[in-house]
file query.txt (compact mmCIF, C-alpha atoms and all ligand atoms)
# COMPACT_ATOMS: atom_id res chain seq x y z
CA MET A 1098 0.88 -149.53 -202.68
CA ILE A 1099 4.05 -148.92 -204.64
CA ALA A 1100 5.03 -146.10 -206.94
CA PHE A 1101 5.46 -146.43 -210.68
CA PRO A 1102 9.16 -146.68 -211.44
CA GLU A 1103 10.16 -143.59 -213.38
CA LYS A 1104 13.84 -144.46 -213.03
CA GLU A 1105 15.83 -147.64 -212.67
CA GLU A 1106 14.52 -149.70 -209.77
CA PRO A 1107 16.90 -151.41 -207.36
CA VAL A 1108 14.80 -154.55 -207.83
CA HIS A 1109 15.08 -155.45 -211.48
CA ILE A 1110 11.87 -154.84 -213.41
CA ASP A 1111 11.66 -155.32 -217.12
CA ARG A 1112 9.94 -152.01 -217.85
CA ARG A 1113 9.14 -152.80 -221.48
CA ALA A 1114 7.70 -156.20 -220.66
CA PHE A 1115 5.58 -154.62 -217.94
CA LEU A 1116 4.25 -151.86 -220.23
CA ALA A 1117 3.47 -154.43 -222.89
CA THR A 1118 1.12 -156.20 -220.46
CA LEU A 1119 -0.88 -152.96 -220.14
CA GLY A 1120 -1.65 -152.46 -223.82
CA SER A 1121 -0.96 -149.68 -226.28
CA ALA A 1122 0.83 -146.43 -225.41
CA ALA A 1123 -2.53 -144.62 -225.54
CA VAL A 1124 -4.01 -146.98 -222.94
CA VAL A 1125 -1.02 -146.52 -220.64
CA GLU A 1126 -1.22 -142.77 -221.09
CA ALA A 1127 -4.89 -142.77 -220.09
CA MET A 1128 -4.28 -144.69 -216.84
CA SER A 1129 -4.19 -142.84 -213.54
CA SER A 1130 -1.00 -143.11 -211.49
CA GLU A 1131 -2.87 -145.30 -208.97
CA ALA A 1132 -4.01 -147.65 -211.72
CA ARG A 1133 -0.48 -147.87 -213.08
CA ALA A 1134 0.90 -148.56 -209.61
CA ASP A 1135 -1.70 -151.30 -209.02
CA ALA A 1136 -0.88 -152.83 -212.37
CA LEU A 1137 2.80 -152.80 -211.50
CA GLU A 1138 2.15 -154.50 -208.18
CA HIS A 1139 0.18 -157.28 -209.90
CA TYR A 1140 2.91 -157.63 -212.47
CA MET A 1141 5.60 -158.01 -209.82
CA ILE A 1142 3.59 -160.54 -207.85
CA ALA A 1143 3.00 -162.51 -211.02
CA GLN A 1144 6.76 -162.53 -211.62
CA LEU A 1145 7.30 -163.95 -208.13
CA ASP A 1146 4.85 -166.75 -208.78
CA LYS A 1147 6.37 -167.66 -212.11
CA PRO A 1148 7.90 -171.13 -212.00
CA ALA A 1149 11.64 -170.75 -211.93
CA GLY A 1150 12.16 -173.60 -214.40
CA PRO A 1151 15.10 -175.91 -214.06
CA PRO A 1152 17.66 -174.35 -211.73
CA ALA A 1153 20.32 -172.62 -213.77
CA GLN A 1154 23.68 -174.37 -213.42
CA PRO A 1155 26.27 -171.67 -213.83
CA LEU A 1156 29.20 -173.01 -215.76
CA VAL A 1157 32.08 -172.51 -213.38
CA VAL A 1158 34.48 -174.93 -214.99
CA ARG A 1159 33.98 -177.16 -218.01
CA ARG A 1160 33.25 -180.83 -217.36
CA GLY A 1161 36.37 -182.03 -219.12
CA ALA A 1162 38.76 -180.13 -216.84
CA GLY A 1163 40.88 -182.31 -214.59
CA ALA A 1164 40.03 -182.74 -210.91
CA LEU A 1165 43.18 -180.94 -209.73
CA PHE A 1166 41.89 -177.86 -211.59
CA GLY A 1167 38.42 -178.06 -210.06
CA GLY A 1168 36.83 -180.17 -212.77
CA PRO A 1169 33.71 -181.96 -211.52
CA SER A 1170 33.43 -185.72 -211.10
CA PRO A 1171 31.56 -187.52 -213.91
CA SER A 1172 28.41 -187.34 -211.80
CA GLY A 1173 28.83 -183.58 -211.31
CA GLN A 1174 30.39 -183.35 -207.82
CA ARG A 1175 33.00 -180.64 -207.59
CA PRO A 1176 36.15 -181.36 -205.59
CA GLU A 1177 37.20 -179.02 -202.84
CA LEU A 1178 40.32 -177.15 -203.88
CA THR A 1179 42.92 -177.17 -201.15
CA ALA A 1180 46.47 -175.87 -200.87
CA LEU A 1181 49.00 -178.11 -202.59
CA ALA A 1182 52.31 -179.32 -201.25
CA THR A 1183 55.45 -178.14 -203.02
CA MET A 1184 56.81 -180.96 -205.11
CA PRO A 1185 60.37 -182.24 -204.75
CA GLU A 1186 62.91 -181.10 -207.31
CA ARG A 1187 62.90 -184.46 -209.08
CA PRO A 1188 59.40 -185.73 -208.56
CA THR A 1189 58.58 -189.41 -208.91
CA LEU A 1190 55.34 -191.16 -209.81
CA LEU A 1191 54.76 -191.67 -206.11
CA ASP A 1192 55.11 -187.93 -205.43
CA PHE A 1193 52.52 -187.22 -208.11
CA ILE A 1194 50.12 -189.82 -206.71
CA ARG A 1195 50.57 -188.48 -203.16
CA PHE A 1196 50.73 -184.73 -203.74
CA ARG A 1197 48.91 -184.12 -207.01
CA GLY A 1198 46.30 -186.84 -206.99
CA THR A 1199 42.87 -185.80 -205.75
CA PRO A 1200 41.43 -188.10 -203.05
CA SER A 1201 38.54 -189.63 -204.98
CA ILE A 1202 40.64 -190.50 -208.03
CA GLY A 1203 43.44 -191.71 -205.74
CA ASN A 1204 41.04 -194.01 -203.90
CA HIS A 1205 39.61 -195.31 -207.14
CA ILE A 1206 42.92 -196.24 -208.76
CA LEU A 1207 44.26 -197.78 -205.55
CA GLN A 1208 41.10 -199.83 -205.10
CA SER A 1209 41.34 -200.97 -208.68
CA ALA A 1210 45.00 -202.01 -208.35
CA ASN A 1211 44.19 -203.68 -205.04
CA ASP A 1212 41.44 -205.75 -206.65
CA ALA A 1213 43.84 -206.83 -209.40
CA LEU A 1214 46.52 -207.73 -206.84
CA LYS A 1215 44.11 -209.73 -204.66
CA LYS A 1216 42.89 -211.69 -207.66
CA GLY A 1217 46.42 -212.65 -208.65
CA GLU A 1218 46.78 -210.64 -211.83
CA PRO A 1219 50.21 -210.26 -213.47
CA GLU A 1220 52.21 -207.28 -212.19
CA GLU A 1221 51.77 -205.30 -215.39
CA THR A 1222 47.99 -205.56 -215.08
CA VAL A 1223 48.21 -204.34 -211.48
CA LEU A 1224 50.30 -201.39 -212.69
CA ALA A 1225 47.86 -200.66 -215.54
CA CYS A 1226 45.01 -200.61 -213.01
CA LEU A 1227 46.99 -198.31 -210.74
CA LEU A 1228 47.67 -195.86 -213.58
CA HIS A 1229 44.51 -196.22 -215.65
CA ASP A 1230 42.66 -193.11 -214.39
CA PHE A 1231 45.46 -191.05 -212.85
CA VAL A 1232 45.24 -188.60 -215.76
CA LEU A 1233 41.73 -187.61 -214.62
CA ASN A 1234 43.51 -185.21 -212.29
CA LEU A 1235 44.77 -183.40 -215.40
CA MET A 1236 42.09 -183.98 -218.03
CA LYS A 1237 38.79 -185.85 -218.17
CA THR A 1238 37.88 -185.74 -221.86
CA ASP A 1239 39.24 -188.76 -223.73
CA HIS A 1240 41.13 -189.79 -220.63
CA GLY A 1241 42.10 -193.17 -222.05
CA TRP A 1242 44.12 -191.51 -224.79
CA TRP A 1243 45.55 -188.79 -222.56
CA GLY A 1244 46.39 -191.28 -219.83
CA ALA A 1245 48.12 -193.70 -222.18
CA GLN A 1246 50.19 -190.94 -223.72
CA MET A 1247 51.21 -189.57 -220.35
CA MET A 1248 52.51 -192.96 -219.22
CA GLU A 1249 53.86 -194.18 -222.56
CA PRO A 1250 57.58 -193.29 -222.14
CA TYR A 1251 57.72 -194.97 -218.72
CA VAL A 1252 55.80 -198.24 -219.07
CA SER A 1253 55.72 -201.17 -221.49
CA GLU A 1254 53.87 -200.76 -224.76
CA LYS A 1255 51.30 -203.26 -223.53
CA VAL A 1256 50.49 -201.25 -220.40
CA SER A 1257 49.96 -197.98 -222.28
CA TRP A 1258 47.96 -199.79 -224.97
CA ALA A 1259 45.70 -201.23 -222.29
CA ILE A 1260 45.22 -197.83 -220.63
CA ARG A 1261 44.33 -196.24 -223.99
CA HIS A 1262 41.69 -198.85 -224.78
CA HIS A 1263 40.04 -199.20 -221.38
CA GLN A 1264 38.07 -196.03 -222.16
CA ALA A 1265 36.22 -197.58 -225.09
CA LEU A 1266 35.95 -201.05 -223.56
CA ARG A 1267 34.09 -199.65 -220.56
CA PHE A 1268 31.04 -199.19 -222.81
CA TYR A 1269 30.93 -202.77 -224.10
CA PRO A 1270 30.08 -205.82 -222.00
CA ASP A 1271 32.12 -209.00 -222.13
CA PRO A 1272 30.25 -211.86 -220.46
CA SER A 1273 33.30 -214.15 -220.86
CA VAL A 1274 34.90 -212.30 -217.91
CA GLY A 1275 31.68 -211.18 -216.21
CA TYR A 1276 31.99 -207.56 -217.33
CA GLU A 1277 28.67 -205.75 -217.61
CA TYR A 1278 27.81 -202.24 -218.74
CA PRO A 1279 28.30 -200.11 -215.60
CA GLU A 1280 25.25 -198.80 -213.80
CA LEU A 1281 27.27 -195.61 -213.18
CA TYR A 1282 27.34 -194.96 -216.93
CA VAL A 1283 23.56 -195.12 -217.14
CA ARG A 1284 23.52 -192.29 -214.59
CA ILE A 1285 26.27 -190.28 -216.29
CA PHE A 1286 25.39 -190.72 -219.96
CA GLY A 1287 21.68 -191.62 -219.81
CA LYS A 1288 19.83 -194.84 -220.55
CA ASP A 1289 19.90 -194.73 -224.34
CA TYR A 1290 23.44 -193.47 -224.76
CA VAL A 1291 25.23 -194.70 -227.86
CA PRO A 1292 29.01 -194.25 -227.77
CA ALA A 1293 30.47 -192.00 -230.46
CA PRO A 1294 31.73 -193.71 -233.64
CA TYR A 1295 35.36 -193.19 -232.65
CA ILE A 1296 34.75 -195.03 -229.36
CA LYS A 1297 33.05 -197.89 -231.20
CA ALA A 1298 35.94 -198.05 -233.68
CA SER A 1299 38.45 -198.15 -230.81
CA TYR A 1300 36.49 -201.00 -229.19
CA GLU A 1301 36.26 -202.96 -232.43
CA SER A 1302 39.96 -202.72 -233.18
CA ALA A 1303 40.82 -203.60 -229.56
CA ARG A 1304 38.56 -206.65 -229.73
CA LYS A 1305 40.77 -208.14 -232.45
CA HIS A 1306 44.06 -207.19 -230.82
CA LYS A 1307 46.43 -209.61 -229.07
CA TRP A 1308 46.37 -207.39 -225.96
CA TYR A 1309 42.59 -207.16 -225.82
CA MET A 1310 42.42 -208.98 -222.46
CA ASP A 1311 45.02 -206.65 -220.93
CA ALA A 1312 42.75 -203.68 -221.55
CA ARG A 1313 39.64 -205.68 -220.70
CA MET A 1314 41.00 -206.61 -217.26
CA ILE A 1315 41.37 -202.91 -216.42
CA THR A 1316 37.62 -202.57 -216.95
CA VAL A 1317 36.91 -205.68 -214.88
CA HIS A 1318 38.83 -204.37 -211.85
CA ASP A 1319 37.45 -200.89 -212.51
CA LEU A 1320 33.98 -202.25 -211.73
CA TYR A 1321 35.00 -203.21 -208.20
CA ALA A 1322 36.87 -199.99 -207.49
CA PHE A 1323 34.14 -197.68 -206.27
CA GLU A 1324 33.67 -198.87 -202.70
CA PRO A 1325 32.82 -195.85 -200.53
CA GLY A 1326 34.95 -195.47 -197.43
CA MET A 1327 37.48 -198.11 -198.48
CA LYS A 1328 41.04 -196.82 -198.17
CA VAL A 1329 43.97 -198.58 -199.78
CA ALA A 1330 47.58 -197.63 -199.12
CA ILE A 1331 50.13 -197.22 -201.88
CA ASP A 1332 52.73 -199.38 -200.07
CA PRO A 1333 51.80 -202.78 -201.57
CA PHE A 1334 52.48 -201.35 -205.04
CA MET A 1335 55.90 -199.81 -204.47
CA ASP A 1336 57.82 -202.86 -205.68
CA ILE A 1337 55.63 -203.23 -208.76
CA ILE A 1338 56.14 -199.55 -209.61
CA GLY A 1339 59.88 -200.02 -209.07
CA ARG A 1340 60.00 -202.96 -211.45
CA HIS A 1341 57.67 -201.71 -214.21
CA PHE A 1342 57.68 -197.91 -214.18
CA LYS A 1343 60.85 -196.35 -215.60
CA GLN A 1344 61.26 -193.40 -213.31
CA PRO A 1345 63.40 -190.74 -215.07
CA LYS A 1346 66.33 -189.63 -212.91
CA GLU A 1347 65.69 -185.92 -213.68
CA GLY A 1348 62.15 -186.28 -212.30
CA LEU A 1349 58.84 -186.51 -214.15
CA GLY A 1350 58.36 -183.28 -216.06
CA PHE A 1351 62.06 -182.55 -216.37
CA ASP A 1352 63.34 -185.42 -218.49
CA GLY A 1353 62.74 -183.79 -221.87
CA SER A 1354 60.27 -186.52 -222.90
CA PRO A 1355 57.44 -185.65 -225.32
CA VAL A 1356 54.99 -185.78 -222.42
CA ALA A 1357 57.06 -183.91 -219.80
CA HIS A 1358 54.73 -180.91 -220.07
CA MET A 1359 51.78 -183.01 -218.89
CA TRP A 1360 53.59 -183.81 -215.66
CA ARG A 1361 54.77 -180.20 -215.29
CA THR A 1362 51.19 -178.99 -215.70
CA LEU A 1363 50.25 -181.15 -212.71
CA ASN A 1364 53.33 -180.00 -210.85
CA TYR A 1365 52.46 -176.31 -211.38
CA PRO A 1366 48.66 -176.21 -211.75
CA ASP A 1367 48.46 -172.56 -210.69
CA ASN A 1368 50.80 -171.20 -213.35
CA PRO A 1369 48.80 -168.73 -215.44
CA LEU A 1370 50.64 -169.48 -218.68
FE FE A 1401 38.73 -194.76 -216.90
FE FE A 1402 38.41 -196.26 -213.58
call {"tool": "encode", "arguments": {"input": "query.txt", "output": "structure tokens"}}
result
Amino acid sequence: MIAFPEKEEPVHIDRRAFLATLGSAAVVEAMSSEARADALEHYMIAQLDKPAGPPAQPLVVRRGAGALFGGPSPSGQRPELTALATMPERPTLLDFIRFRGTPSIGNHILQSANDALKKGEPEETVLACLLHDFVLNLMKTDHGWWGAQMMEPYVSEKVSWAIRHHQALRFYPDPSVGYEYPELYVRIFGKDYVPAPYIKASYESARKHKWYMDARMITVHDLYAFEPGMKVAIDPFMDIIGRHFKQPKEGLGFDGSPVAHMWRTLNYPDNPL
């Protein structure tokens, strides 16, 4: 038998809720100490048996946060945060891919570029595939827009346009190139998900654009870029990067471009301000 808690219990008991189960103050007053103690024991056991309900998912980091900052994958997996290498003074795209790209996103973009290369796509399409999701290390929400902006000063207009629009195009099938709505999206967004009006508008304007196929091909190679265990090296893409990515001589983040801060944020992800 246990004693009636006159003071705060180490095990949390909602005293008011417990007393409410007994009845009015007069009823409680009239109970013997033994009766109160028995009632408390039953109450506590009942609390133990209560279904816990859906397990609470404490919000540790918001879903839109980039993977380098601990943001979860679209399916909810959280990356392990490890120590980061110091970046060179004038970091290149390659340094960012190697030292600031998280493994799963790195594998995905390399697989995607590899698929484009194997299938004989033009070099700019291979580059667009290589860069299309790199920004997920920094920011997940609206990654097509963020990603395009981040690359814009360093690639052709067509490549950044294609990166911007791949986000919306992912939601819309195009049987002419064998692109179907991804099974992964059913798992992430649910079966009856309807893309937001701004995504639909982006898709509709892209559909009529002369570069539609450039963005569409990113989504086509994207589909084949989730092979578990497949590792692709960066080496086959070095020449393509050299020819189509305008590496600033001061280093990414230090060239005074309108997007330099995005690269610096990846360079210094632990800076508090
Ligand atoms: Fe993407
Ligand atoms: Fe992707």
call {"tool": "closest_atom_pairs", "arguments": {"input": "query.txt", "of": "chain A", "to": "ligand FE 1402 (chain A)", "cutoff": "10 Å", "atoms": "only C-alpha atoms and all ligand atoms", "output": "tab-separated table"}}
result
residue	atom	partner	partner_atom	distance
A:Ile1202	CA	A:FE1402	FE	8.3
A:His1205	CA	A:FE1402	FE	6.6
A:Ile1206	CA	A:FE1402	FE	6.6
A:Gln1208	CA	A:FE1402	FE	9.6
A:Ser1209	CA	A:FE1402	FE	7.4
A:Cys1226	CA	A:FE1402	FE	7.9
A:Leu1227	CA	A:FE1402	FE	9.3
A:Leu1228	CA	A:FE1402	FE	9.3
A:His1229	CA	A:FE1402	FE	6.4
A:Asp1230	CA	A:FE1402	FE	5.4
A:Phe1231	CA	A:FE1402	FE	8.8
A:Leu1233	CA	A:FE1402	FE	9.3
A:His1240	CA	A:FE1402	FE	9.9
A:Gly1241	CA	A:FE1402	FE	9.7
A:Ile1260	CA	A:FE1402	FE	9.9
A:His1263	CA	A:FE1402	FE	8.5
A:Gln1264	CA	A:FE1402	FE	8.6
A:Arg1267	CA	A:FE1402	FE	8.9
A:Ile1315	CA	A:FE1402	FE	7.8
A:Thr1316	CA	A:FE1402	FE	7.2
A:Val1317	CA	A:FE1402	FE	9.6
A:His1318	CA	A:FE1402	FE	8.3
A:Asp1319	CA	A:FE1402	FE	4.8
A:Leu1320	CA	A:FE1402	FE	7.7
A:Tyr1321	CA	A:FE1402	FE	9.4
A:Ala1322	CA	A:FE1402	FE	7.3
A:Phe1323	CA	A:FE1402	FE	8.6
call {"tool": "write_last_selection", "arguments": {"input": "query.txt", "atoms": "C-alpha atoms", "output": "PDB file, in the coordinates of the input"}}
result
ATOM      1  CA  ILE A1202      40.640-190.500-208.030  1.00  0.00           C
ATOM      2  CA  HIS A1205      39.610-195.310-207.140  1.00  0.00           C
ATOM      3  CA  ILE A1206      42.920-196.240-208.760  1.00  0.00           C
ATOM      4  CA  GLN A1208      41.100-199.830-205.100  1.00  0.00           C
ATOM      5  CA  SER A1209      41.340-200.970-208.680  1.00  0.00           C
ATOM      6  CA  CYS A1226      45.010-200.610-213.010  1.00  0.00           C
ATOM      7  CA  LEU A1227      46.990-198.310-210.740  1.00  0.00           C
ATOM      8  CA  LEU A1228      47.670-195.860-213.580  1.00  0.00           C
ATOM      9  CA  HIS A1229      44.510-196.220-215.650  1.00  0.00           C
ATOM     10  CA  ASP A1230      42.660-193.110-214.390  1.00  0.00           C
ATOM     11  CA  PHE A1231      45.460-191.050-212.850  1.00  0.00           C
ATOM     12  CA  LEU A1233      41.730-187.610-214.620  1.00  0.00           C
ATOM     13  CA  HIS A1240      41.130-189.790-220.630  1.00  0.00           C
ATOM     14  CA  GLY A1241      42.100-193.170-222.050  1.00  0.00           C
ATOM     15  CA  ILE A1260      45.220-197.830-220.630  1.00  0.00           C
ATOM     16  CA  HIS A1263      40.040-199.200-221.380  1.00  0.00           C
ATOM     17  CA  GLN A1264      38.070-196.030-222.160  1.00  0.00           C
ATOM     18  CA  ARG A1267      34.090-199.650-220.560  1.00  0.00           C
ATOM     19  CA  ILE A1315      41.370-202.910-216.420  1.00  0.00           C
ATOM     20  CA  THR A1316      37.620-202.570-216.950  1.00  0.00           C
ATOM     21  CA  VAL A1317      36.910-205.680-214.880  1.00  0.00           C
ATOM     22  CA  HIS A1318      38.830-204.370-211.850  1.00  0.00           C
ATOM     23  CA  ASP A1319      37.450-200.890-212.510  1.00  0.00           C
ATOM     24  CA  LEU A1320      33.980-202.250-211.730  1.00  0.00           C
ATOM     25  CA  TYR A1321      35.000-203.210-208.200  1.00  0.00           C
ATOM     26  CA  ALA A1322      36.870-199.990-207.490  1.00  0.00           C
ATOM     27  CA  PHE A1323      34.140-197.680-206.270  1.00  0.00           C
TER      28      PHE A1323
END
call {"tool": "atom_distance", "arguments": {"input": "query.txt", "atom1": "CA of Pro1333 in chain A", "atom2": "CA of Leu1266 in chain A"}}
result
27.2 Å
call {"tool": "closest_residue", "arguments": {"input": "query.txt", "among": "A:Lys1328, A:Arg1175, A:Lys1237, A:Arg1197", "to": "ligand FE 1401 (chain A)", "atoms": "all atoms listed in the file"}}
result
A:Lys1237
call {"tool": "atom_distance", "arguments": {"input": "query.txt", "atom1": "CA of Asn1364 in chain A", "atom2": "CA of Val1252 in chain A"}}
result
20.2 Å
call {"tool": "residues_around", "arguments": {"input": "query.txt", "residues": "Gly1161 in chain A", "least_positions_apart": "3", "cutoff": "7 Å", "atoms": "only C-alpha atoms", "output": "list of chain:residue names"}}
result
A:Gly1168, A:Met1236, A:Lys1237, A:Thr1238
call {"tool": "atom_distance", "arguments": {"input": "query.txt", "atom1": "CA of Phe1334 in chain A", "atom2": "CA of Ala1180 in chain A"}}
result
26.5 Å
call {"tool": "residues_around", "arguments": {"input": "query.txt", "residues": "range 1277-1289 of chain A", "least_positions_apart": "4", "cutoff": "9 Å", "atoms": "all atoms listed in the file", "output": "CSV table (one decimal) with C-alpha atoms, in the coordinates of the input"}}
result
chain,number,residue,atom,x,y,z
A,1171,PRO,CA,31.6,-187.5,-213.9
A,1172,SER,CA,28.4,-187.3,-211.8
A,1173,GLY,CA,28.8,-183.6,-211.3
A,1267,ARG,CA,34.1,-199.6,-220.6
A,1268,PHE,CA,31.0,-199.2,-222.8
A,1269,TYR,CA,30.9,-202.8,-224.1
A,1270,PRO,CA,30.1,-205.8,-222.0
A,1271,ASP,CA,32.1,-209.0,-222.1
A,1272,PRO,CA,30.2,-211.9,-220.5
A,1317,VAL,CA,36.9,-205.7,-214.9
A,1320,LEU,CA,34.0,-202.2,-211.7
call {"tool": "closest_residue", "arguments": {"input": "query.txt", "among": "A:Ala1303, A:Ala1330, A:Val1291, A:Ala1312", "to": "ligand FE 1401 (chain A)", "atoms": "all atoms listed in the file"}}
result
A:Ala1312
call {"tool": "closest_residue", "arguments": {"input": "query.txt", "among": "A:Arg1195, A:Lys1297, A:Arg1261, A:Lys1305", "to": "ligand FE 1401 (chain A)", "atoms": "only C-alpha atoms and all ligand atoms"}}
result
A:Arg1261
call {"tool": "closest_residue", "arguments": {"input": "query.txt", "among": "A:Arg1313, A:His1341, A:Lys1216, A:His1358", "to": "ligand FE 1401 (chain A)", "atoms": "all atoms listed in the file"}}
result
A:Arg1313
call {"tool": "closest_residue", "arguments": {"input": "query.txt", "among": "A:Ala1259, A:Gly1339, A:Lys1346, A:Phe1351", "to": "Lys1307 in chain A", "atoms": "all atoms listed in the file"}}
result
A:Ala1259
call {"tool": "closest_residue", "arguments": {"input": "query.txt", "among": "A:Ala1225, A:Ile1337, A:Ala1182, A:Ile1296", "to": "Tyr1365 in chain A", "atoms": "all atoms listed in the file"}}
result
A:Ala1182
call {"tool": "axis_aligned_box", "arguments": {"input": "query.txt", "around": "range 1158-1167 of chain A", "padding_each_side": "6 Å", "output": "AutoDock Vina command-line options"}}
result
--center_x 38.2 --center_y -178.8 --center_z -214.4 --size_x 21.9 --size_y 19.8 --size_z 21.4
call {"tool": "residues_around", "arguments": {"input": "query.txt", "residues": "Arg1187 in chain A", "least_positions_apart": "4", "cutoff": "10 Å", "atoms": "all atoms listed in the file", "output": "count of residues only"}}
result
9
